[in-house]
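Worksheet: the structure to be examined is printed underneath.
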Amino acid sequence: MTGGISTDGITSAWLSICKEWKKNGTDNIEMDFLGITENSSESALTKIDQLGFKIIPVNQRIKNPYKYIKELTNILSKGKYNAIHINGSSAFMTLELIAARICGIPARITHSHNTSCSRVTIHKILTPFFKYLNTSRLACSYDAGRWLYGKQDFMVFHNGISLDKFCYDTKTRNRIRSRFGFLDNEIIIGHVGKFNYQKNHEYLIEVFENVLNFNNKARLCLFGDGENFDNIRNLVSKKGIANHVHFMGCVDNIHEYLQAMDGMILPSRFEGLPNVMIEWQAAGLPSLVSDKITKESAPNDFIHFMSLDTKPYDWAKKFIEIIEEYGNRKTQSYDAIYNLVQNNFEISHQAKELIQLYNRLCT
């Protein structure tokens, strides 16, 4: 987990896999996790530990790559692993591949989770070594695979979730809205994601500010944490809309909170295949998202794509239209779950495929 075992979508996907693994998994494969200390959260580490998986701490890879490779080599050699499965978004995963190659690990799986990265120059320099050292290639979407592997073959392995858990429920909706004092005539807009450059919260706030011009009873709920949290809170205060914006933090029961929402907005600058998009569809939530997000993530027609080159006013206008024209939420949720199952977004299917892959590579 090159980004650490954190509160991001990659960790969320792996937590779902771990739960399914323990429920219907295999006894002949043992899986451990490497947790990069500086980037990991205690709550996420605890969840994986409680499921019975071993977590091995390792120091930051970026500050001292040489020291990191040396430490990782020591860990891998002691563990005598048959395979290493590296989750990341760039050729910087070459560091883990070098350590695995030194230790003689035959199966070196890389897993692309994005369509861009923050260190493009280093990515380009390392790409030839990366392509030479990996032996199996996975990607959360076709676009994420093309970004990282180019013309090399790869297998698309969608981020899966337990879909039924997110199915729309009126009682849960009423309970959550009542707890926060949300009125029936208020539009509650949601966003789930880390407060970072990728998620583009600044643009989201601009869009919401325009939404208030169309409907001054709208509210925005922001779920997550991250390095830009304070900056966004200050921006909201500066714009004078703090009474309409709720900072919800990280929650363990996001499936319940989604029932209380009326629509979602995701203006990301880049994405692989965001887990949240699958969750929102299963909950029957109409959404307006950036066209930088792969169409693979939306087999349902109530997800609408829009360019970030478009003005925030136009995003707001489109969002209000989507909400006003939306059909029966419960029906949309049931139909969406069916479509998501057909497109292999159910976690039980993904866990089964992963175990089959490991069995093929480790025997």
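Every chain in the structure tokens takes a letter, A first, then B, and so on in the order presented; its residues are numbered from 1, and the ligands are numbered from 1 following the presented order.
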Determine, counting only C-alpha atoms, which protein, DNA and RNA residues have an atom within 6 Å of an atom of region 289-302 of chain A; residues of the same chain fewer than 6 positions away are not included. Present the result as a PyMOL selection string. chain A and resi 265-268+270-271+273
How about saving the chosen residues, C-alpha atoms kept, as a tab-separated table (two decimals), in the first residue's frame?
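Once written, selection.tsv looks like this:
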```tsv
chain	number	residue	atom	x	y	z
A	265	ILE	CA	-20.67	16.15	-6.71
A	266	LEU	CA	-17.15	14.94	-7.58
A	267	PRO	CA	-15.02	17.47	-9.52
A	268	SER	CA	-11.76	15.47	-9.31
A	270	PHE	CA	-7.93	12.88	-12.02
A	271	GLU	CA	-9.08	9.46	-10.80
A	273	LEU	CA	-11.95	4.33	-10.65
```
Skipping near chain neighbours, those fewer than 5 positions away, what residues fall within 6 Å of region 146-162 of chain A using only C-alpha atoms, listed as a PyMOL selection string? chain A and resi 13+115+137-141+345-347
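For the choices A:Ile105, A:Ile5, A:Val211, A:Ala351, the atom-to-atom distance to Ser41 (chain A) is smallest for A:Ile5 when using only C-alpha atoms.
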Please, which residues of region 87-159 of chain A, numbered as in this document, come out strand (DSSP E or B) from DSSP, as number ranges by chain? A: 87-88, 107-112, 136-139, 155-156
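We find CA of Leu133 (chain A) and CA of Thr7 (chain A) to be spaced 29.1 Å apart.
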I need the residue nearest Ser348 (chain A) from this list: A:Met1, A:Ile17, A:Ser89, A:Ile176. Use only C-alpha atoms for the distance.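 Looking at the shortest contact to Ser348 (chain A), the residue is A:Ile17.
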Expressed in Å, the length from CA of His113 (chain A) to CA of Asn87 (chain A) is 7.1 Å
Tell me, as a list in words, which residues lie within 8 Å of Gln281 (chain A), counting only C-alpha atoms; anything in the same chain fewer than 4 positions away does not count.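 What passes the distance filter is Met277, Leu285, Pro286, Ala298, Asn300, Ile303, Ser333, Ala336 and Ile337 of chain A.
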With all heavy atoms retained, export the selected residues as a compact mmCIF listing (two decimals), in the first residue's frame.
```
# COMPACT_ATOMS: atom_id res chain seq x y z
N MET A 277 -17.91 6.34 -6.28
CA MET A 277 -18.87 6.37 -7.39
C MET A 277 -19.75 5.11 -7.38
O MET A 277 -20.94 5.17 -7.70
CB MET A 277 -18.13 6.47 -8.72
CG MET A 277 -17.49 7.81 -8.96
SD MET A 277 -18.62 8.95 -9.76
CE MET A 277 -18.73 8.20 -11.38
N LEU A 285 -28.03 7.53 -5.82
CA LEU A 285 -27.79 8.97 -5.72
C LEU A 285 -27.41 9.58 -7.07
O LEU A 285 -26.37 9.22 -7.64
CB LEU A 285 -26.67 9.25 -4.70
CG LEU A 285 -27.09 9.28 -3.24
CD1 LEU A 285 -25.87 9.22 -2.33
CD2 LEU A 285 -27.92 10.52 -2.95
N PRO A 286 -28.20 10.52 -7.59
CA PRO A 286 -27.82 11.22 -8.81
C PRO A 286 -26.55 12.03 -8.54
O PRO A 286 -26.41 12.64 -7.47
CB PRO A 286 -29.01 12.13 -9.10
CG PRO A 286 -29.65 12.34 -7.76
CD PRO A 286 -29.44 11.06 -7.00
N ALA A 298 -19.46 4.20 -14.25
CA ALA A 298 -20.87 4.62 -14.25
C ALA A 298 -21.72 3.83 -15.24
O ALA A 298 -22.09 4.34 -16.31
CB ALA A 298 -20.96 6.11 -14.55
N ASN A 300 -24.69 3.29 -14.83
CA ASN A 300 -26.05 3.79 -14.64
C ASN A 300 -26.19 5.22 -15.16
O ASN A 300 -25.26 6.02 -15.03
CB ASN A 300 -26.41 3.73 -13.15
CG ASN A 300 -26.46 2.30 -12.63
OD1 ASN A 300 -27.36 1.55 -12.96
ND2 ASN A 300 -25.46 1.92 -11.84
N ILE A 303 -25.61 9.14 -13.47
CA ILE A 303 -24.31 9.76 -13.24
C ILE A 303 -24.03 10.65 -14.45
O ILE A 303 -24.01 10.18 -15.59
CB ILE A 303 -23.20 8.71 -13.08
CG1 ILE A 303 -23.55 7.73 -11.96
CG2 ILE A 303 -21.86 9.40 -12.82
CD1 ILE A 303 -23.64 8.35 -10.58
N SER A 333 -32.05 2.77 -7.09
CA SER A 333 -31.06 2.05 -6.31
C SER A 333 -31.06 0.56 -6.66
O SER A 333 -30.00 -0.04 -6.89
CB SER A 333 -31.34 2.23 -4.81
OG SER A 333 -30.47 1.46 -4.01
N ALA A 336 -29.72 0.07 -10.15
CA ALA A 336 -28.29 0.36 -10.18
C ALA A 336 -27.47 -0.81 -9.66
O ALA A 336 -26.43 -1.18 -10.22
CB ALA A 336 -27.99 1.62 -9.38
N ILE A 337 -27.93 -1.40 -8.56
CA ILE A 337 -27.21 -2.55 -7.98
C ILE A 337 -27.17 -3.70 -8.97
O ILE A 337 -26.13 -4.36 -9.13
CB ILE A 337 -27.86 -2.96 -6.65
CG1 ILE A 337 -27.57 -1.91 -5.58
CG2 ILE A 337 -27.36 -4.34 -6.20
CD1 ILE A 337 -28.27 -2.13 -4.26
```
Proximity to Arg119 (chain A) - best of A:Phe92, A:Leu354, A:Tyr168, A:Phe229, only C-alpha atoms: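 Among A:Phe92, A:Leu354, A:Tyr168, A:Phe229, it is A:Phe92 that comes nearest to Arg119 (chain A).
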Residue contacts of region 56-61 of chain A (9 Å, only C-alpha atoms) excluding same-chain residues fewer than 2 positions away, as a list in words: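 What passes the distance filter is Thr2, Asp32, Phe33, Leu34, Gly35, Ile36, Thr37, Glu38, Asn39, Lys54, Lys63, Asn64, Pro65, Tyr66, Lys67, Tyr68, Ile69, Glu71, Leu72, Ile75 and Leu95 of chain A.
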Of the listed residues A:Asn134, A:Thr170, A:Asn74, A:Asn339, that which approaches Arg101 (chain A) most closely, counting only C-alpha atoms: A:Asn134
Might you pull out every residue within 8 Å of Ile355 (chain A), with only C-alpha atoms counted and same-chain residues fewer than 3 positions away left off, and present them as a list of chain:residue names? A:Gly25, A:Thr26, A:Ala351, A:Lys352, A:Tyr358, A:Asn359
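We find CA of Asp335 (chain A) and CA of Glu279 (chain A) to be spaced 13.5 Å apart.
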Counting only C-alpha atoms, which residue out of A:Ile320, A:Cys167, A:Asp262, A:His255 sits closest to Leu183 (chain A)?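 That would be A:Asp262, the residue with the smallest distance to Leu183 (chain A).
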DSSP helix (DSSP H, G or I) residues within region 270-326 of chain A, as a ChimeraX atom specification: /A:275-282,295-297,312-325
Would you mind telling me which residue in A:Phe208, A:Lys22, A:Gln259, A:Pro312 lies nearest to Lys171 (chain A) when using only C-alpha atoms?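 Smallest distance to Lys171 (chain A) is found for A:Gln259.
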Surrounding residues of Phe166 (chain A) excluding itself and chain neighbours under 3 positions, 6 Å, only C-alpha atoms, as a PyMOL selection string: chain A and resi 163+255+282-283
Emit the selected residues as a PDB file, in the first residue's frame, including N, CA, C and O atoms.
```pdb
ATOM      1  N   LEU A 163     -22.489  -4.413  -2.315  1.00  0.00           N
ATOM      2  CA  LEU A 163     -23.490  -3.522  -2.904  1.00  0.00           C
ATOM      3  C   LEU A 163     -24.774  -3.420  -2.084  1.00  0.00           C
ATOM      4  O   LEU A 163     -25.322  -2.325  -1.918  1.00  0.00           O
ATOM      5  N   HIS A 255     -22.338   4.269   4.429  1.00  0.00           N
ATOM      6  CA  HIS A 255     -23.510   3.728   3.729  1.00  0.00           C
ATOM      7  C   HIS A 255     -24.812   4.280   4.321  1.00  0.00           C
ATOM      8  O   HIS A 255     -25.805   4.433   3.601  1.00  0.00           O
ATOM      9  N   ALA A 282     -25.075   2.589  -5.958  1.00  0.00           N
ATOM     10  CA  ALA A 282     -25.817   1.571  -5.208  1.00  0.00           C
ATOM     11  C   ALA A 282     -26.867   2.220  -4.302  1.00  0.00           C
ATOM     12  O   ALA A 282     -27.946   1.660  -4.087  1.00  0.00           O
ATOM     13  N   ALA A 283     -26.562   3.422  -3.811  1.00  0.00           N
ATOM     14  CA  ALA A 283     -27.503   4.153  -2.951  1.00  0.00           C
ATOM     15  C   ALA A 283     -28.529   4.938  -3.767  1.00  0.00           C
ATOM     16  O   ALA A 283     -29.388   5.618  -3.199  1.00  0.00           O
TER      17      ALA A 283
END
```
Surrounding residues of Lys239 (chain A) excluding itself and chain neighbours under 3 positions, 10 Å, only C-alpha atoms, as a ChimeraX atom specification: /A:205-206,209,234-236,242
Write to file, as a short mmCIF file (atom, residue, chain, number, x, y, z; two decimals), in the first residue's frame, the residues of the selection just made, with C-alpha atoms.
```cif
data_model
loop_
_atom_site.label_atom_id
_atom_site.label_comp_id
_atom_site.auth_asym_id
_atom_site.auth_seq_id
_atom_site.Cartn_x
_atom_site.Cartn_y
_atom_site.Cartn_z
CA ILE A 205 -16.93 25.09 -3.05
CA GLU A 206 -17.27 27.42 -6.06
CA GLU A 209 -21.70 28.73 -3.80
CA ASN A 234 -11.06 28.83 5.79
CA LEU A 235 -12.32 29.24 2.22
CA VAL A 236 -15.87 28.34 3.29
CA ALA A 242 -20.20 28.26 6.77
#
```
